Amino acid sequence: MQHRIYFDNSSTTAIHPEVLKTYESLLEKYYVNSESLYDEGSEVHRMMEKARGAIAGLLQVHPADIIFTSGSSESNSAALKGCALAQKNRKHIITSAVEHSSILNACDQLEKVFGYRITYLPVGRDGKVSVEDVKNALDEDTALVSVMYVNNESGAINPIGEIAELVKKHSHAYFHTDLTQSIGKVPLDLTNVDMASISAHKLEGLKGSGILMKKTFVPFIPLINGGEQEYGLRGGTANAPADMVFAKTLRLALENGKKYHDYIASLQKRMLDGLHQIEGIEINSPDDAVVSTINWSYEKIPSEVMQNALNRKGFMVSARSTCASRSDDPSYVLTAMGFSSRRASCCIRISLSYHNTAEEVDAFLAALKEIISHYG
């Protein structure tokens, strides 16, 4: 049977054995509704609040700032719509042209259905948003600014600390950031951040599990109506075992991020050194991208053809955000970075983890050379 090698950790991750073990034990024992008044329900509620407190401690915010969700797409949508619609006197939103589709589509809906004015900030060749561009876009009508910390395609790291501080000092707007690709990869400081989105399955956790960090002073209208769950801000019976185990997922991700950073950086260097030696390969990720992400193009072979060829040789990679993986359009992220349509149509994203090895990197480079000699 062919040995399969996984280089698509920005898409999703394998569940950490400790997370899986804890989840299975919780699922078996704590199945009752957390809102039930009998002893078992009260115990589930107590354990959820313990997990909420642990998550808040890891993020250095208050427990009341943590809202459990189904993942970052919901958290992003809830943050934008919930905060924007709660501010009746402000109708302007600032975001970037390279955000995740959950942000871009929420902005599109707010514009077309609710009449909001959206400013889509450009990015440079390095994939980053300019702090000066954010400052120039702010006005008295700005309700919300949303800029991701780490881009899911290029790995570019935005200056979130500077942007958040700027928004605080120069406007009445609230600031949201999508942390989906940044946890365990870059330093985290939420001091001036009003809302943030995190998804468990990017952190060796469970799919269908995430949080929205929303500080209590931020105005908010629920996206999902229901009962009084999550302080009345997100209705529906709690996915209690998944919510409980999120605390362990986040703790392990932060610990392993520090523990394995240099190791992953060594794999990144090995991969980049090998790619640079292959004629025709162009690196799209900036030099200071997160160490786990490498985006590159070979313009003689379209993304889908390259992906399929690599798949047949046992390598799992993607071309762009998995939410758009079945689209034939050029990567909108690379296009916004100023790359040609052809280059943006021939990109491949490699996303590494501490589970990968130097031998896997070498095997990938050898397979890539064979593919290029055959197709290119």
# chains A, B, ... in the order shown; residues from 1 in each chain; ligands from 1
>>> residues_around(residues="Ala143 of chain A", least_positions_apart="4", cutoff="8 Å", atoms="only C-alpha atoms", output="ChimeraX atom specification")
/A:83-84,87,90-93,172-174
>>> write_last_selection(atoms="C-alpha atoms", output="PDB file, in the first residue's frame")
ATOM      1  CA  CYS A  83     -21.115  43.806  15.882  1.00  0.00           C
ATOM      2  CA  ALA A  84     -21.976  45.786  12.734  1.00  0.00           C
ATOM      3  CA  GLN A  87     -24.316  49.764  15.711  1.00  0.00           C
ATOM      4  CA  ARG A  90     -22.210  53.473  11.713  1.00  0.00           C
ATOM      5  CA  LYS A  91     -22.315  51.798   8.315  1.00  0.00           C
ATOM      6  CA  HIS A  92     -18.662  51.397   7.283  1.00  0.00           C
ATOM      7  CA  ILE A  93     -16.499  48.262   7.583  1.00  0.00           C
ATOM      8  CA  HIS A 172     -14.538  54.560  17.689  1.00  0.00           C
ATOM      9  CA  ALA A 173     -14.489  51.355  15.639  1.00  0.00           C
ATOM     10  CA  TYR A 174     -14.113  47.864  17.077  1.00  0.00           C
TER      11      TYR A 174
END
>>> closest_atom_pairs(of="segment 37-101 of chain A", to="segment 198-221 of chain A", cutoff="10 Å", atoms="only C-alpha atoms", output="tab-separated table")
residue	atom	partner	partner_atom	distance
A:Arg52	CA	A:Ile211	CA	9.8
A:Ile55	CA	A:Ile211	CA	9.5
A:Ala56	CA	A:Met213	CA	8.7
A:Leu59	CA	A:Met213	CA	9.0
A:Val61	CA	A:Lys215	CA	8.0
A:His62	CA	A:Lys215	CA	7.8
A:Pro63	CA	A:Met213	CA	9.4
A:Ala64	CA	A:Thr216	CA	6.8
A:Asp65	CA	A:Lys215	CA	4.7
A:Ile66	CA	A:Met213	CA	4.8
A:Ile67	CA	A:Leu212	CA	5.1
A:Phe68	CA	A:Ile211	CA	4.5
A:Thr69	CA	A:Gly210	CA	5.0
A:Ser70	CA	A:Ser209	CA	4.4
A:Gly71	CA	A:Gly210	CA	3.8
A:Ser72	CA	A:Ser199	CA	4.9
A:Ser73	CA	A:Ser199	CA	8.3
A:Glu74	CA	A:Leu212	CA	8.5
A:Ser75	CA	A:Leu212	CA	5.1
A:Asn76	CA	A:Leu212	CA	7.8
A:Ala78	CA	A:Leu212	CA	8.2
A:Ala79	CA	A:Leu212	CA	7.5
A:Leu80	CA	A:Phe220	CA	9.3
A:Lys81	CA	A:Ile221	CA	7.7
A:Gly82	CA	A:Ile221	CA	4.4
A:Cys83	CA	A:Phe220	CA	4.6
A:Ala84	CA	A:Phe220	CA	7.8
A:Leu85	CA	A:Ile221	CA	6.8
A:Ala86	CA	A:Phe220	CA	5.3
A:Gln87	CA	A:Pro219	CA	7.1
>>> closest_residue(among="A:Asn192, A:Leu20, A:Leu110, A:Ser331", to="Ala242 of chain A", atoms="only C-alpha atoms")
A:Leu20
>>> select_by_dssp(residues="segment 154-192 of chain A", states="alpha helix (DSSP H)", output="PyMOL selection string")
chain A and resi 160-170
>>> write_last_selection(atoms="all heavy atoms", output="compact mmCIF listing (two decimals), in the first residue's frame")
# COMPACT_ATOMS: atom_id res chain seq x y z
N ILE A 160 -0.75 42.90 13.48
CA ILE A 160 -2.02 43.02 14.18
C ILE A 160 -1.93 43.92 15.40
O ILE A 160 -2.85 44.70 15.68
CB ILE A 160 -2.55 41.62 14.56
CG1 ILE A 160 -2.97 40.85 13.31
CG2 ILE A 160 -3.72 41.72 15.54
CD1 ILE A 160 -4.03 41.55 12.49
N GLY A 161 -0.84 43.82 16.15
CA GLY A 161 -0.69 44.67 17.33
C GLY A 161 -0.74 46.15 16.98
O GLY A 161 -1.43 46.93 17.64
N GLU A 162 -0.02 46.54 15.92
CA GLU A 162 -0.01 47.94 15.49
C GLU A 162 -1.37 48.37 14.97
O GLU A 162 -1.84 49.48 15.26
CB GLU A 162 1.03 48.14 14.39
CG GLU A 162 2.47 47.95 14.83
CD GLU A 162 3.43 48.12 13.68
OE1 GLU A 162 3.45 49.21 13.08
OE2 GLU A 162 4.15 47.15 13.36
N ILE A 163 -2.02 47.49 14.19
CA ILE A 163 -3.33 47.83 13.63
C ILE A 163 -4.36 47.99 14.74
O ILE A 163 -5.14 48.95 14.76
CB ILE A 163 -3.79 46.77 12.61
CG1 ILE A 163 -2.85 46.77 11.39
CG2 ILE A 163 -5.23 47.04 12.17
CD1 ILE A 163 -3.13 45.64 10.41
N ALA A 164 -4.36 47.07 15.69
CA ALA A 164 -5.33 47.13 16.79
C ALA A 164 -5.14 48.40 17.61
O ALA A 164 -6.11 49.06 17.99
CB ALA A 164 -5.18 45.89 17.67
N GLU A 165 -3.89 48.74 17.90
CA GLU A 165 -3.60 49.96 18.67
C GLU A 165 -4.04 51.21 17.91
O GLU A 165 -4.61 52.13 18.48
CB GLU A 165 -2.11 50.03 18.99
CG GLU A 165 -1.72 51.19 19.88
CD GLU A 165 -0.25 51.19 20.24
OE1 GLU A 165 0.50 50.34 19.71
OE2 GLU A 165 0.15 52.05 21.05
N LEU A 166 -3.79 51.20 16.60
CA LEU A 166 -4.19 52.34 15.76
C LEU A 166 -5.69 52.54 15.78
O LEU A 166 -6.18 53.66 15.94
CB LEU A 166 -3.70 52.10 14.33
CG LEU A 166 -4.20 53.10 13.28
CD1 LEU A 166 -3.38 54.37 13.34
CD2 LEU A 166 -4.16 52.50 11.89
N VAL A 167 -6.44 51.45 15.61
CA VAL A 167 -7.91 51.53 15.60
C VAL A 167 -8.42 52.08 16.92
O VAL A 167 -9.34 52.91 16.96
CB VAL A 167 -8.52 50.14 15.29
CG1 VAL A 167 -10.04 50.18 15.46
CG2 VAL A 167 -8.18 49.71 13.86
N LYS A 168 -7.80 51.64 18.03
CA LYS A 168 -8.19 52.13 19.35
C LYS A 168 -7.96 53.63 19.50
O LYS A 168 -8.78 54.36 20.04
CB LYS A 168 -7.41 51.39 20.44
CG LYS A 168 -7.93 50.02 20.77
CD LYS A 168 -9.17 50.11 21.61
CE LYS A 168 -9.61 48.70 21.99
NZ LYS A 168 -11.05 48.64 22.23
N LYS A 169 -6.80 54.08 19.03
CA LYS A 169 -6.40 55.47 19.25
C LYS A 169 -7.09 56.46 18.31
O LYS A 169 -7.33 57.61 18.67
CB LYS A 169 -4.88 55.59 19.09
CG LYS A 169 -4.08 55.02 20.24
CD LYS A 169 -2.59 55.27 20.05
CE LYS A 169 -1.79 54.78 21.24
NZ LYS A 169 -0.33 55.01 21.06
N HIS A 170 -7.40 56.00 17.09
CA HIS A 170 -7.83 56.95 16.06
C HIS A 170 -9.29 56.78 15.61
O HIS A 170 -9.69 57.39 14.61
CB HIS A 170 -6.91 56.85 14.85
CG HIS A 170 -5.50 57.28 15.13
ND1 HIS A 170 -5.11 58.59 15.13
CD2 HIS A 170 -4.40 56.55 15.46
CE1 HIS A 170 -3.82 58.66 15.43
NE2 HIS A 170 -3.37 57.44 15.63
>>> residues_around(residues="Ser353 of chain A", least_positions_apart="5", cutoff="7 Å", atoms="only C-alpha atoms", output="NGL selection string")
:A and (9 or 264 or 292)
>>> select_by_dssp(residues="segment 100-339 of chain A", states="strand (DSSP E)", output="count of residues only")
36
>>> residues_around(residues="Asp126 of chain A", least_positions_apart="4", cutoff="9 Å", atoms="only C-alpha atoms", output="PyMOL selection string")
chain A and resi 154+156+284-289+337
>>> closest_atom_pairs(of="segment 226-303 of chain A", to="segment 360-374 of chain A", cutoff="12 Å", atoms="only C-alpha atoms", output="Markdown table")
| residue | atom | partner | partner_atom | distance |
| --- | --- | --- | --- | --- |
| A:Ile264 | CA | A:Val361 | CA | 11.3 |
| A:Ser266 | CA | A:Val361 | CA | 10.6 |
| A:Leu267 | CA | A:Val361 | CA | 7.2 |
| A:Gln268 | CA | A:Val361 | CA | 8.9 |
| A:Lys269 | CA | A:Val361 | CA | 10.2 |
| A:Arg270 | CA | A:Val361 | CA | 7.3 |
| A:Met271 | CA | A:Val361 | CA | 6.1 |
| A:Leu272 | CA | A:Val361 | CA | 9.8 |
| A:Asp273 | CA | A:Leu365 | CA | 10.0 |
| A:Gly274 | CA | A:Leu365 | CA | 6.5 |
| A:Leu275 | CA | A:Leu365 | CA | 7.2 |
| A:His276 | CA | A:Leu365 | CA | 10.6 |
| A:Gln277 | CA | A:Leu365 | CA | 9.8 |
| A:Ile278 | CA | A:Lys369 | CA | 7.4 |
| A:Glu279 | CA | A:Ile372 | CA | 9.6 |
| A:Gly280 | CA | A:Ile372 | CA | 9.4 |
| A:Ile281 | CA | A:Ile372 | CA | 10.0 |
| A:Ser297 | CA | A:Ile372 | CA | 11.8 |
| A:Tyr298 | CA | A:Ile372 | CA | 8.7 |
| A:Glu299 | CA | A:Ile372 | CA | 10.6 |
| A:Lys300 | CA | A:Ile372 | CA | 8.6 |
| A:Ile301 | CA | A:Ile372 | CA | 8.0 |
| A:Pro302 | CA | A:Ile372 | CA | 11.5 |
>>> write_last_selection(atoms="C-alpha atoms", output="PDB file, in the first residue's frame")
ATOM      1  CA  ILE A 264       9.365  23.140  11.729  1.00  0.00           C
ATOM      2  CA  SER A 266      14.299  23.580   9.782  1.00  0.00           C
ATOM      3  CA  LEU A 267      11.838  21.648   7.601  1.00  0.00           C
ATOM      4  CA  GLN A 268      10.751  24.906   5.957  1.00  0.00           C
ATOM      5  CA  LYS A 269      14.373  25.801   5.168  1.00  0.00           C
ATOM      6  CA  ARG A 270      15.031  22.330   3.767  1.00  0.00           C
ATOM      7  CA  MET A 271      11.938  22.558   1.566  1.00  0.00           C
ATOM      8  CA  LEU A 272      12.731  26.090   0.376  1.00  0.00           C
ATOM      9  CA  ASP A 273      16.369  25.209  -0.366  1.00  0.00           C
ATOM     10  CA  GLY A 274      15.161  22.300  -2.483  1.00  0.00           C
ATOM     11  CA  LEU A 275      12.521  24.335  -4.293  1.00  0.00           C
ATOM     12  CA  HIS A 276      15.028  27.080  -5.117  1.00  0.00           C
ATOM     13  CA  GLN A 277      17.160  24.481  -6.891  1.00  0.00           C
ATOM     14  CA  ILE A 278      14.354  23.500  -9.287  1.00  0.00           C
ATOM     15  CA  GLU A 279      14.319  25.689 -12.377  1.00  0.00           C
ATOM     16  CA  GLY A 280      10.986  27.434 -12.903  1.00  0.00           C
ATOM     17  CA  ILE A 281       9.785  27.276  -9.281  1.00  0.00           C
ATOM     18  CA  SER A 297       4.139  28.174  -8.335  1.00  0.00           C
ATOM     19  CA  TYR A 298       5.428  26.367 -11.412  1.00  0.00           C
ATOM     20  CA  GLU A 299       3.800  28.181 -14.295  1.00  0.00           C
ATOM     21  CA  LYS A 300       3.968  25.338 -16.818  1.00  0.00           C
ATOM     22  CA  ILE A 301       1.673  23.128 -14.727  1.00  0.00           C
ATOM     23  CA  PRO A 302      -1.747  24.352 -13.447  1.00  0.00           C
TER      24      PRO A 302
END
